[in-house]
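J.: For reference, the file run.txt (compact mmCIF, C-alpha atoms and all ligand atoms) is included below:
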```txt
# COMPACT_ATOMS: atom_id res chain seq x y z
CA MET A 74 -4.53 -16.80 1.67
CA SER A 75 -5.16 -18.90 4.79
CA LEU A 76 -8.91 -18.21 4.80
CA ASN A 77 -11.76 -20.37 3.55
CA PRO A 78 -15.23 -19.27 2.42
CA PRO A 79 -17.25 -17.40 3.54
CA GLU A 80 -14.55 -15.13 5.12
CA HIS A 81 -12.25 -15.51 2.12
CA THR A 82 -15.00 -14.72 -0.39
CA GLU A 83 -16.01 -11.59 1.54
CA GLN A 84 -12.49 -10.26 1.92
CA ARG A 85 -11.58 -11.01 -1.67
CA ARG A 86 -14.69 -9.13 -2.83
CA ALA A 87 -13.62 -6.16 -0.70
CA LEU A 88 -10.18 -6.17 -2.32
CA ARG A 89 -11.46 -6.56 -5.88
CA ASP A 90 -12.05 -2.91 -6.78
CA ALA A 91 -8.69 -1.83 -5.41
CA PHE A 92 -7.03 -4.22 -7.89
CA GLY A 93 -9.39 -3.44 -10.78
CA LYS A 94 -8.83 -1.92 -14.22
CA GLN A 95 -9.20 1.66 -12.98
CA THR A 96 -6.42 1.14 -10.45
CA LEU A 97 -4.14 -0.27 -13.11
CA GLN A 98 -4.86 2.72 -15.34
CA ARG A 99 -4.17 5.11 -12.45
CA LEU A 100 -0.90 3.36 -11.67
CA THR A 101 0.39 3.37 -15.26
CA ALA A 102 1.93 6.86 -14.96
CA PRO A 103 3.63 6.23 -11.57
CA ILE A 104 5.02 2.92 -12.90
CA ARG A 105 6.36 4.68 -16.01
CA ASP A 106 7.89 7.52 -13.96
CA THR A 107 9.50 5.23 -11.37
CA THR A 108 10.80 2.96 -14.16
CA GLY A 109 12.35 6.02 -15.84
CA GLU A 110 14.06 7.12 -12.61
CA LEU A 111 15.37 3.61 -11.91
CA LEU A 112 16.73 3.24 -15.43
CA ASP A 113 18.44 6.66 -15.14
CA GLN A 114 20.17 5.41 -11.98
CA LEU A 115 21.07 2.10 -13.60
CA GLU A 116 22.49 3.83 -16.66
CA ASP A 117 24.57 6.12 -14.42
CA ALA A 118 25.88 3.10 -12.50
CA LEU A 119 26.76 1.31 -15.75
CA THR A 120 28.45 4.42 -17.10
CA GLU A 121 30.51 4.97 -13.95
CA GLY A 122 31.60 1.37 -13.45
CA PRO A 123 31.91 -1.70 -15.63
CA ARG A 124 28.97 -3.44 -13.96
CA ALA A 125 25.94 -2.92 -11.70
CA ASP A 126 23.85 -5.17 -9.48
CA PHE A 127 20.40 -5.36 -11.04
CA VAL A 128 18.84 -6.59 -7.77
CA HIS A 129 19.14 -3.02 -6.41
CA THR A 130 16.95 -1.90 -9.30
CA SER A 131 14.43 -4.75 -9.29
CA ASP A 132 13.85 -4.39 -5.54
CA GLN A 133 12.82 -0.76 -5.83
CA LEU A 134 9.99 -0.76 -8.38
CA PRO A 135 7.47 -2.94 -6.47
CA ILE A 136 7.82 -1.14 -3.12
CA SER A 137 7.53 2.21 -4.83
CA VAL A 138 4.37 1.23 -6.76
CA VAL A 139 2.62 -0.90 -4.12
CA GLY A 140 3.64 1.53 -1.34
CA ARG A 141 2.22 4.50 -3.23
CA TRP A 142 -0.91 2.57 -4.16
CA LEU A 143 -1.52 1.82 -0.46
CA GLY A 144 -0.87 5.50 0.35
CA LEU A 145 2.19 4.82 2.54
CA PRO A 146 4.88 7.48 3.08
CA ALA A 147 7.89 7.11 0.78
CA ARG A 148 10.30 7.56 3.72
CA ASP A 149 9.12 4.14 5.03
CA PHE A 150 9.73 2.22 1.80
CA ASP A 151 13.24 0.96 2.52
CA ARG A 152 12.31 -0.33 5.96
CA LEU A 153 9.09 -1.95 4.68
CA HIS A 154 11.01 -3.69 1.96
CA GLN A 155 13.57 -4.98 4.45
CA LEU A 156 10.86 -6.24 6.83
CA THR A 157 8.99 -7.97 4.01
CA ARG A 158 12.16 -9.75 2.97
CA GLU A 159 12.83 -10.94 6.48
CA HIS A 160 9.22 -12.03 6.92
CA THR A 161 9.27 -14.19 3.78
CA TYR A 162 11.50 -16.70 5.55
CA ALA A 163 8.48 -17.68 7.68
CA GLN A 164 7.10 -19.32 4.53
CA GLU A 165 10.30 -21.11 3.57
CA LEU A 166 10.51 -24.89 3.68
CA PHE A 167 13.68 -25.11 5.76
CA PRO A 168 14.25 -21.81 7.60
CA THR A 169 17.04 -21.75 10.18
CA PRO A 170 15.98 -20.87 13.77
CA ARG A 171 17.70 -17.48 13.34
CA ARG A 172 15.74 -16.74 10.15
CA LEU A 173 12.51 -17.74 11.87
CA GLU A 174 13.22 -15.46 14.79
CA GLN A 175 13.96 -12.60 12.37
CA ALA A 176 10.72 -13.34 10.50
CA ASP A 177 8.81 -13.23 13.76
CA LEU A 178 10.31 -9.86 14.72
CA ALA A 179 9.58 -8.50 11.24
CA SER A 180 5.98 -9.68 11.50
CA GLY A 181 5.58 -7.88 14.84
CA GLU A 182 7.01 -4.64 13.43
CA LEU A 183 4.84 -4.83 10.30
CA GLN A 184 1.71 -5.43 12.37
CA ALA A 185 2.48 -2.45 14.60
CA TYR A 186 3.24 -0.31 11.53
CA PHE A 187 -0.03 -1.14 9.79
CA ALA A 188 -2.03 -0.83 13.03
CA ALA A 189 -0.74 2.77 13.29
CA ILE A 190 -1.56 3.47 9.62
CA VAL A 191 -5.10 2.10 10.04
CA ALA A 192 -5.60 4.15 13.23
CA ASP A 193 -4.42 7.23 11.35
CA ARG A 194 -6.83 6.62 8.44
CA ARG A 195 -9.67 6.10 10.98
CA ALA A 196 -8.90 9.46 12.56
CA CYS A 197 -8.30 11.30 9.26
CA PRO A 198 -9.76 9.41 6.29
CA ARG A 199 -8.16 10.15 2.91
CA ASP A 200 -8.90 9.24 -0.65
CA ASP A 201 -6.70 6.15 -0.50
CA VAL A 202 -6.99 2.38 -0.60
CA ILE A 203 -6.80 1.81 3.16
CA SER A 204 -9.44 4.48 3.98
CA ASN A 205 -11.71 3.02 1.29
CA TRP A 206 -11.30 -0.50 2.70
CA LEU A 207 -12.26 0.82 6.16
CA THR A 208 -15.42 2.45 4.79
CA LEU A 209 -16.31 -0.73 2.96
CA TRP A 210 -15.51 -3.07 5.83
CA ASP A 211 -17.62 -1.00 8.26
CA THR A 212 -20.62 -1.96 6.13
CA VAL A 213 -19.67 -5.67 6.36
CA VAL A 214 -18.77 -5.89 10.08
CA PRO A 215 -20.52 -3.43 12.37
CA ASN A 216 -17.66 -3.68 14.89
CA ARG A 217 -14.96 -1.09 14.24
CA PRO A 218 -12.08 -2.71 16.18
CA ALA A 219 -12.71 -5.98 14.28
CA ALA A 220 -12.86 -4.09 10.96
CA ASP A 221 -9.58 -2.37 11.82
CA VAL A 222 -7.88 -5.73 12.38
CA THR A 223 -9.14 -7.11 9.06
CA VAL A 224 -8.07 -4.02 7.10
CA ARG A 225 -4.68 -4.07 8.81
CA ARG A 226 -4.22 -7.69 7.69
CA MET A 227 -5.39 -6.98 4.13
CA ALA A 228 -2.99 -4.04 3.77
CA MET A 229 -0.06 -5.89 5.31
CA PHE A 230 -0.68 -9.00 3.27
CA SER A 231 -1.05 -7.07 0.01
CA LEU A 232 2.29 -5.41 0.62
CA MET A 233 4.05 -8.63 1.55
CA ALA A 234 2.52 -10.60 -1.32
CA GLY A 235 3.54 -8.05 -3.93
CA LEU A 236 7.15 -7.10 -3.19
CA GLU A 237 9.43 -10.14 -3.21
CA THR A 238 7.41 -11.80 -5.94
CA THR A 239 7.42 -8.90 -8.40
CA ALA A 240 11.07 -8.06 -7.69
CA ALA A 241 11.98 -11.69 -8.44
CA LEU A 242 10.00 -11.58 -11.70
CA LEU A 243 11.80 -8.41 -12.86
CA ALA A 244 15.20 -9.88 -12.00
CA SER A 245 14.52 -13.22 -13.66
CA SER A 246 13.14 -11.52 -16.80
CA VAL A 247 16.34 -9.49 -17.12
CA ARG A 248 18.57 -12.49 -16.37
CA LEU A 249 16.81 -14.58 -19.03
CA LEU A 250 16.96 -11.78 -21.60
CA ALA A 251 20.66 -11.26 -20.96
CA GLN A 252 21.23 -15.00 -21.39
CA HIS A 253 19.18 -15.13 -24.61
CA PRO A 254 20.29 -12.10 -26.66
CA GLU A 255 18.53 -13.32 -29.81
CA GLN A 256 15.21 -13.23 -27.93
CA ALA A 257 16.04 -9.77 -26.55
CA ARG A 258 16.64 -8.61 -30.14
CA LEU A 259 13.29 -10.06 -31.21
CA LEU A 260 11.51 -8.16 -28.45
CA ARG A 261 13.29 -4.92 -29.28
CA SER A 262 11.88 -5.05 -32.79
CA HIS A 263 8.52 -6.44 -31.57
CA PRO A 264 7.83 -4.89 -28.16
CA GLU A 265 4.22 -6.07 -28.45
CA HIS A 266 5.54 -9.54 -27.45
CA THR A 267 6.90 -8.33 -24.11
CA SER A 268 3.90 -9.81 -22.30
CA ALA A 269 4.85 -13.21 -23.79
CA LEU A 270 8.33 -12.79 -22.31
CA VAL A 271 6.83 -12.05 -18.89
CA ASP A 272 4.66 -15.17 -19.05
CA GLU A 273 7.55 -17.33 -20.22
CA ALA A 274 9.73 -15.98 -17.37
CA LEU A 275 6.89 -16.78 -14.95
CA ARG A 276 6.70 -20.31 -16.33
CA PHE A 277 10.43 -20.94 -16.59
CA ASP A 278 11.41 -19.51 -13.20
CA PRO A 279 8.37 -18.71 -11.05
CA PRO A 280 9.00 -16.43 -8.04
CA VAL A 281 6.75 -18.62 -5.87
CA GLN A 282 7.99 -22.19 -6.29
CA VAL A 283 5.87 -23.85 -3.62
CA ILE A 284 2.40 -23.28 -2.22
CA SER A 285 0.67 -25.35 0.43
CA ARG A 286 -2.77 -26.48 1.50
CA VAL A 287 -4.15 -28.32 4.53
CA ALA A 288 -6.41 -31.26 3.58
CA PRO A 289 -9.91 -30.67 4.99
CA ARG A 290 -10.67 -34.42 4.89
CA ASP A 291 -9.02 -37.69 3.84
CA MET A 292 -8.46 -37.48 0.09
CA THR A 293 -6.49 -38.73 -2.87
CA LEU A 294 -4.75 -36.14 -5.03
CA ALA A 295 -3.14 -37.30 -8.27
CA GLY A 296 -2.93 -40.78 -6.81
CA VAL A 297 -1.38 -39.66 -3.50
CA ARG A 298 -3.29 -40.35 -0.25
CA ILE A 299 -3.51 -37.31 2.01
CA ALA A 300 -5.04 -37.63 5.49
CA ALA A 301 -7.29 -34.93 6.97
CA GLY A 302 -5.15 -32.19 8.53
CA GLN A 303 -2.00 -33.09 6.60
CA VAL A 304 -0.17 -30.35 4.74
CA ALA A 305 0.30 -30.82 0.99
CA TYR A 306 3.12 -28.90 -0.68
CA LEU A 307 2.40 -28.13 -4.33
CA LEU A 308 5.54 -27.60 -6.37
CA ILE A 309 4.70 -24.96 -8.95
CA GLY A 310 8.28 -24.73 -10.18
CA ALA A 311 8.41 -28.46 -10.93
CA ALA A 312 4.91 -28.52 -12.49
CA GLN A 313 5.98 -25.85 -14.96
CA HIS A 314 8.83 -28.01 -16.16
CA ASP A 315 6.60 -31.07 -16.62
CA PRO A 316 7.42 -32.46 -20.09
CA THR A 317 3.93 -33.98 -20.40
CA VAL A 318 2.48 -30.46 -20.26
CA HIS A 319 5.20 -28.22 -21.76
CA GLU A 320 7.15 -29.28 -24.80
CA ARG A 321 10.92 -29.02 -24.20
CA PRO A 322 10.22 -27.42 -20.81
CA ASP A 323 13.84 -26.58 -20.01
CA ILE A 324 14.16 -24.31 -23.05
CA PHE A 325 13.35 -20.66 -22.43
CA ASP A 326 11.40 -19.46 -25.45
CA VAL A 327 9.30 -16.29 -25.66
CA ARG A 328 7.73 -17.71 -28.85
CA ARG A 329 6.30 -20.69 -26.95
CA PRO A 330 2.67 -21.11 -28.01
CA GLY A 331 0.05 -20.73 -25.29
CA ARG A 332 0.77 -19.07 -21.99
CA ARG A 333 -0.23 -21.73 -19.55
CA HIS A 334 1.39 -21.55 -16.16
CA LEU A 335 0.57 -21.70 -12.47
CA ALA A 336 2.89 -18.92 -11.33
CA PHE A 337 -0.06 -16.92 -10.00
CA GLY A 338 -1.74 -20.02 -8.50
CA ALA A 339 -5.19 -21.21 -9.55
CA GLY A 340 -8.76 -21.34 -8.29
CA ALA A 341 -10.23 -19.34 -5.41
CA HIS A 342 -6.87 -17.95 -4.27
CA TYR A 343 -5.57 -17.01 -7.73
CA CYS A 344 -3.26 -14.02 -7.28
CA ILE A 345 -5.39 -10.90 -7.08
CA GLY A 346 -2.33 -8.77 -7.87
CA ALA A 347 -1.50 -10.63 -11.10
CA GLY A 348 -2.63 -7.73 -13.33
CA LEU A 349 -0.58 -5.23 -11.32
CA ALA A 350 2.52 -7.47 -11.35
CA ARG A 351 2.23 -8.03 -15.09
CA THR A 352 1.75 -4.31 -15.76
CA MET A 353 4.87 -3.46 -13.75
CA ALA A 354 6.94 -6.14 -15.47
CA ILE A 355 5.79 -5.35 -19.03
CA GLN A 356 6.30 -1.59 -18.68
CA PHE A 357 9.66 -2.06 -17.04
CA VAL A 358 11.04 -4.55 -19.56
CA GLU A 359 9.81 -2.52 -22.55
CA ALA A 360 11.57 0.57 -21.23
CA LEU A 361 14.72 -1.36 -20.36
CA LEU A 362 15.01 -2.88 -23.84
CA ARG A 363 14.56 0.57 -25.41
CA ARG A 364 17.05 2.34 -23.18
CA LEU A 365 19.66 -0.28 -22.33
CA PRO A 366 19.85 -2.80 -25.14
CA SER A 367 22.62 -5.39 -25.11
CA LEU A 368 22.81 -6.08 -21.41
CA TYR A 369 24.89 -9.12 -20.53
CA LEU A 370 25.93 -11.00 -17.42
CA PRO A 371 29.64 -10.47 -16.69
CA SER A 372 29.46 -13.19 -14.00
CA PRO A 373 26.79 -15.65 -12.83
CA PRO A 374 24.07 -14.50 -10.43
CA LEU A 375 24.28 -15.34 -6.76
CA TRP A 376 21.20 -17.18 -5.48
CA GLU A 377 19.81 -16.96 -1.99
CA SER A 378 19.52 -20.30 -0.20
CA ARG A 379 15.74 -20.47 -0.39
CA VAL A 380 13.28 -22.88 -1.94
CA ALA A 381 9.74 -21.50 -1.74
CA PHE A 382 10.47 -17.87 -2.66
CA ARG A 383 13.25 -18.13 -5.22
CA ARG A 384 15.36 -15.05 -5.37
CA MET A 385 18.76 -13.80 -6.50
CA GLU A 386 20.90 -12.10 -3.93
CA SER A 387 22.80 -10.35 -6.68
CA LEU A 388 22.55 -10.18 -10.46
CA PRO A 389 25.65 -8.51 -11.94
CA ILE A 390 24.93 -6.90 -15.29
CA ALA A 391 27.03 -4.97 -17.78
CA TRP A 392 26.17 -3.05 -20.92
CA ARG A 393 27.64 -3.16 -24.42
CA ARG A 394 26.98 0.36 -25.57
CA PRO A 395 25.42 0.77 -29.02
CA GLY A 396 28.17 1.05 -31.61
CA ARG A 397 30.44 -1.28 -29.64
CA GLU A 398 28.28 -4.34 -30.27
CA GLY A 399 30.32 -7.21 -31.68
C1 LIG B 1 5.16 -11.77 -10.05
C2 LIG B 1 4.48 -11.38 -9.01
C3 LIG B 1 3.55 -12.26 -8.22
C4 LIG B 1 3.51 -13.63 -8.12
C5 LIG B 1 4.41 -14.65 -8.81
C6 LIG B 1 2.43 -13.95 -7.22
C7 LIG B 1 2.06 -15.23 -6.87
C8 LIG B 1 0.93 -15.55 -6.14
C9 LIG B 1 0.45 -16.90 -5.91
C10 LIG B 1 1.13 -18.18 -6.41
C11 LIG B 1 -0.68 -16.80 -5.17
C12 LIG B 1 -1.57 -17.97 -4.72
C13 LIG B 1 -1.04 -18.58 -3.47
C14 LIG B 1 -1.82 -19.82 -3.05
O1 LIG B 1 -2.73 -20.25 -3.76
O2 LIG B 1 -1.50 -20.36 -1.97
C15 LIG B 1 -0.91 -15.39 -4.90
C16 LIG B 1 -1.95 -14.88 -4.15
C17 LIG B 1 -2.07 -13.54 -3.81
N1 LIG B 1 -1.32 -12.50 -4.28
FE1 LIG B 1 0.20 -12.63 -5.62
N2 LIG B 1 1.87 -12.79 -6.76
C18 LIG B 1 2.51 -11.73 -7.37
C19 LIG B 1 2.24 -10.37 -7.20
C20 LIG B 1 1.28 -9.86 -6.35
C21 LIG B 1 1.06 -8.45 -6.14
C22 LIG B 1 1.79 -7.31 -6.87
C23 LIG B 1 0.08 -8.36 -5.18
C24 LIG B 1 -0.52 -7.15 -4.54
C25 LIG B 1 -0.01 -5.95 -4.50
C26 LIG B 1 -0.32 -9.73 -4.82
C27 LIG B 1 -1.29 -10.05 -3.91
C28 LIG B 1 -1.77 -11.33 -3.71
C29 LIG B 1 -2.87 -11.63 -2.81
C30 LIG B 1 -3.65 -10.62 -1.97
C31 LIG B 1 -3.06 -13.02 -2.88
C32 LIG B 1 -4.08 -13.87 -2.10
C33 LIG B 1 -5.31 -14.06 -2.95
C34 LIG B 1 -6.33 -14.93 -2.24
O3 LIG B 1 -6.01 -15.65 -1.28
O4 LIG B 1 -7.50 -14.89 -2.67
N3 LIG B 1 0.44 -10.59 -5.56
N4 LIG B 1 0.07 -14.65 -5.52
```
As structure tokens, what does this structure read like?
T.:
Amino acid sequence: MSLNPPEHTEQRRALRDAFGKQTLQRLTAPIRDTTGELLDQLEDALTEGPRADFVHTSDQLPISVVGRWLGLPARDFDRLHQLTREHTYAQELFPTPRRLEQADLASGELQAYFAAIVADRRACPRDDVISNWLTLWDTVVPNRPAADVTVRRMAMFSLMAGLETTAALLASSVRLLAQHPEQARLLRSHPEHTSALVDEALRFDPPVQVISRVAPRDMTLAGVRIAAGQVAYLLIGAAQHDPTVHERPDIFDVRRPGRRHLAFGAGAHYCIGAGLARTMAIQFVEALLRRLPSLYLPSPPLWESRVAFRRMESLPIAWRRPGREG
């Protein structure tokens, strides 16, 4: 994300196949299976107690899918998820010194982890994404240590970019459905509109609220002067509630015409994992609406004190079993 052409163009090209249609097709079955297991666990939790915390569920799907796609051992998933969470604070607007220190430690551990994985794939190549990136990158840079560093960064960044964001999308989709039961009913009878729900959730409550750029030269952007070297913060969350662009922007409506939003960014750095994130969210929500209709929020969610990466710390949910619906 912090690269410019030509390095950015080269690395993005190297990543393209790994995020292509074939990958999405290959991942459909693992996404379906993991979704099934997570919904079994959620149903058990809702059967045993009056409520469950949906954040436990939404956190697990992305690490399981992205971790498997990268060929990482399942025993490492919990730790990787924890480190990614801690690292995200490095990109917050107002992190406390303690959060920054934690983010720094997490970054060091993630780098060491992926350096070991890359060294392992060098020694024993497999049919996996990281081994394939190494083969490809060796043809681009004839210097193996430099190729190893680039592949380590690509793998680490792909993991970090995909977890918090997708988990937040799953949680916000479920929160919004629970708060709008008439729209949940519509989707249950018309599951083909689930992708519209995912796009409306991305517009209404984007997981990445702020992105930034450094001005390469003095410029004027939307009437604002920005000097060379200054950082510009672009507020995606606010842009998506701009009434001159979106009619009645503060109304959540899966029937909203058009699906314009900036939740995956725009231009050269447009999210390369957008297709994967959408696939996970659509499959998950479709299955959830089939298996656990009539979810509701017994108490309001608890939000983390963050700005750039919006996220719920807990999302209590409860279930009105079929037959008991009022
Ligand atoms: C709902 C889920 C997701 C959201 C909201 C999201 C959001 C974004 C945004 C806003 C950007 C552009 C940042 C900028 O321009 O500064 C971006 C870039 C990126 N995302 Fe995602 N993302 C999601 C899921 C994923 C997943 C699942 C992956 C990979 C497994 C991923 C990998 C990437 C990568 C590699 C980039 C950098 C692309 C580049 O610089 O060319 N993202 N994402």
J.: Just to confirm, what's the straight-line distance from CA of Leu88 (chain A) to CA of Ala341 (chain A) in Å (one decimal)?
T.: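 Taking CA of Leu88 (chain A) and CA of Ala341 (chain A), their separation equals 13.5 Å.
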J.: For region 234-250 of chain A, list every protein, DNA or RNA residue within 7 Å, evaluated using only C-alpha atoms, and leave out those in the same chain fewer than 4 positions away; present the list as a list in words.
T.: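 What passes the distance filter is Phe127, Val128, Ser131, Asp132, Pro135, Ile136, Arg158, Phe230, Pro254, Gln256, Ala257, Val271, Ala274, Leu275, Pro280, Val281, Ala350, Ala354 and Arg384 of chain A.
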J.: Anything within 12 Å of (10.1, 0.7, 3.9): list those residues as a PyMOL selection string, counting only C-alpha atoms and sticking to the file's coordinates.
T.: chain A and resi 132-133+135-137+139-141+145-158+179+182-183+186-187+232-233+236
J.: Tell me which of A:Leu260, A:Asp272, A:His81, A:Ser231 sits closest to Thr352 (chain A), counting all atoms listed in the file.
T.: A:Asp272
J.: Quote the spacing between CA of Ile309 (chain A) and CA of Leu375 (chain A) in Å to one decimal place.
T.: 21.9 Å
J.: Using only C-alpha atoms and all ligand atoms, find the one residue out of A:Leu270, A:Val283, A:Leu173, A:Val202 that sits nearest to ligand LIG 1 (chain B).
T.: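 Between A:Leu270, A:Val283, A:Leu173, A:Val202, the residue approaching ligand LIG 1 (chain B) most closely is A:Val283.
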J.: Expressed in Å to a single decimal, how great is the separation between CA of Pro215 (chain A) and atom O2 of ligand LIG 1 (chain B)?
T.: 29.2 Å
J.: Nearest residue to ligand LIG 1 (chain B) out of A:Cys344, A:Leu259, A:Ala163, A:Leu143, using all atoms listed in the file?
T.: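 Smallest distance to ligand LIG 1 (chain B) is found for A:Cys344.
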J.: Applying 8 Å and all atoms listed in the file, which residues near Ile284 (chain A) remain after dropping the ones on its own chain fewer than 5 positions away? List them as a list of chain:residue names.
T.: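 Near neighbours after the sequence-gap exclusion: A:Tyr306, A:Leu307, A:Leu308, A:Ile309, A:Ala381.
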J.: Please, could you write that set of residues out with C-alpha atoms as a short mmCIF file (atom, residue, chain, number, x, y, z; two decimals), in the frame of the given file?
T.:
```cif
data_model
loop_
_atom_site.label_atom_id
_atom_site.label_comp_id
_atom_site.auth_asym_id
_atom_site.auth_seq_id
_atom_site.Cartn_x
_atom_site.Cartn_y
_atom_site.Cartn_z
CA TYR A 306 3.12 -28.90 -0.68
CA LEU A 307 2.40 -28.13 -4.33
CA LEU A 308 5.54 -27.60 -6.37
CA ILE A 309 4.70 -24.96 -8.95
CA ALA A 381 9.74 -21.50 -1.74
#
```
J.: Residues at most 9 Å from Leu362 (chain A), counting all atoms listed in the file, excluding those fewer than 5 positions away in the same chain, as a list in words?
T.: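 Neighbouring residues, sequence-local ones excluded: Ala257, Arg258, Leu260, Arg261, Pro264, Phe357, Ser367 and Leu368 of chain A.
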J.: List every protein, DNA or RNA residue that has an atom no more than 7 Å from (26.0, -9.7, -8.9) in the file's coordinate frame, counting all atoms listed in the file, and report them as JSON, numbers by chain.
T.: {"A": [126, 374, 375, 387, 388, 389]}
J.: Let me make sure I understand: among A:Val213, A:Ala300, A:Ile355, A:Ala219, which one has the smallest atom-to-atom distance to ligand LIG 1 (chain B) if we use all atoms listed in the file?
T.: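 The closest residue to ligand LIG 1 (chain B) is A:Ile355.
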J.: I want to know what sits within 10 Å of Ala91 (chain A), based on only C-alpha atoms, with residues of the same chain fewer than 6 positions away left out; could you give that as a list of chain:residue names?
T.: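 In the requested format, the answer is A:Leu97, A:Trp142, A:Leu143, A:Asp201, A:Val202, A:Ile203, A:Asn205, A:Trp206, A:Ile345, A:Gly346.
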J.: Restricting the calculation to all atoms listed in the file: of A:Lys94, A:Arg328, A:Arg226, A:Arg217, which residue gets closest to ligand LIG 1 (chain B)?
T.: A:Arg226
J.: How big is the axis-aligned box around the listed atoms of region 237-247 of chain A once 8 Å is added on each side, and where is its centre? Give both in Å to one decimal, as lines of an AutoDock Vina configuration file.
T.:
```
center_x = 11.9
center_y = -10.6
center_z = -10.2
size_x = 24.9
size_y = 21.2
size_z = 29.9
```
J.: Looking at A:Ala176, A:Leu365, A:Ile190, A:Leu370, which one is nearest to Glu116 (chain A), with distances taken over only C-alpha atoms?
T.: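 Result for the nearest residue to Glu116 (chain A): A:Leu365.
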J.: Write out as JSON, numbers by chain which residues come within 9 Å of Leu361 (chain A) when counting all atoms listed in the file, dropping same-chain ones fewer than 6 positions away.
T.: {"A": [108, 109, 112, 247]}
J.: Please write the residues from the selection above to a file, keeping C-alpha atoms, as a PDB file, in the frame of the given file.
T.:
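To be explicit, this is the file written out as result_3.pdb:
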```
ATOM      1  CA  THR A 108      10.800   2.960 -14.160  1.00  0.00           C
ATOM      2  CA  GLY A 109      12.350   6.020 -15.840  1.00  0.00           C
ATOM      3  CA  LEU A 112      16.730   3.240 -15.430  1.00  0.00           C
ATOM      4  CA  VAL A 247      16.340  -9.490 -17.120  1.00  0.00           C
TER       5      VAL A 247
END
```
J.: Could I get region 279-290 of chain A rebuilt with N, CA, C and O atoms, written as a CSV table (one decimal), keeping the file's coordinate frame?
T.:
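Output below, filename selection_37.csv:
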```csv
chain,number,residue,atom,x,y,z
A,279,PRO,N,9.4,-19.4,-11.8
A,279,PRO,CA,8.4,-18.7,-11.0
A,279,PRO,C,8.9,-18.2,-9.7
A,279,PRO,O,9.6,-18.9,-9.0
A,280,PRO,N,8.5,-17.0,-9.3
A,280,PRO,CA,9.0,-16.4,-8.0
A,280,PRO,C,8.5,-17.3,-6.9
A,280,PRO,O,9.2,-17.4,-5.9
A,281,VAL,N,7.3,-17.8,-6.9
A,281,VAL,CA,6.8,-18.6,-5.9
A,281,VAL,C,6.8,-20.1,-6.4
A,281,VAL,O,6.1,-20.5,-7.3
A,282,GLN,N,7.8,-20.8,-5.8
A,282,GLN,CA,8.0,-22.2,-6.3
A,282,GLN,C,7.1,-23.2,-5.6
A,282,GLN,O,6.8,-24.3,-6.2
A,283,VAL,N,6.6,-22.9,-4.4
A,283,VAL,CA,5.9,-23.8,-3.6
A,283,VAL,C,4.7,-23.2,-3.0
A,283,VAL,O,4.9,-22.1,-2.4
A,284,ILE,N,3.5,-23.8,-3.1
A,284,ILE,CA,2.4,-23.3,-2.2
A,284,ILE,C,1.9,-24.5,-1.4
A,284,ILE,O,2.3,-25.6,-1.7
A,285,SER,N,1.1,-24.2,-0.4
A,285,SER,CA,0.7,-25.4,0.4
A,285,SER,C,-0.8,-25.3,0.8
A,285,SER,O,-1.4,-24.2,0.7
A,286,ARG,N,-1.4,-26.4,1.1
A,286,ARG,CA,-2.8,-26.5,1.5
A,286,ARG,C,-2.9,-27.5,2.6
A,286,ARG,O,-2.1,-28.4,2.7
A,287,VAL,N,-3.9,-27.3,3.5
A,287,VAL,CA,-4.2,-28.3,4.5
A,287,VAL,C,-5.4,-29.1,4.1
A,287,VAL,O,-6.4,-28.5,3.7
A,288,ALA,N,-5.3,-30.4,4.1
A,288,ALA,CA,-6.4,-31.3,3.6
A,288,ALA,C,-7.6,-31.2,4.6
A,288,ALA,O,-7.4,-31.4,5.8
A,289,PRO,N,-8.8,-30.8,4.1
A,289,PRO,CA,-9.9,-30.7,5.0
A,289,PRO,C,-10.5,-32.0,5.4
A,289,PRO,O,-11.2,-32.2,6.4
A,290,ARG,N,-10.2,-33.1,4.6
A,290,ARG,CA,-10.7,-34.4,4.9
A,290,ARG,C,-9.7,-35.4,4.2
A,290,ARG,O,-8.9,-35.0,3.4
```
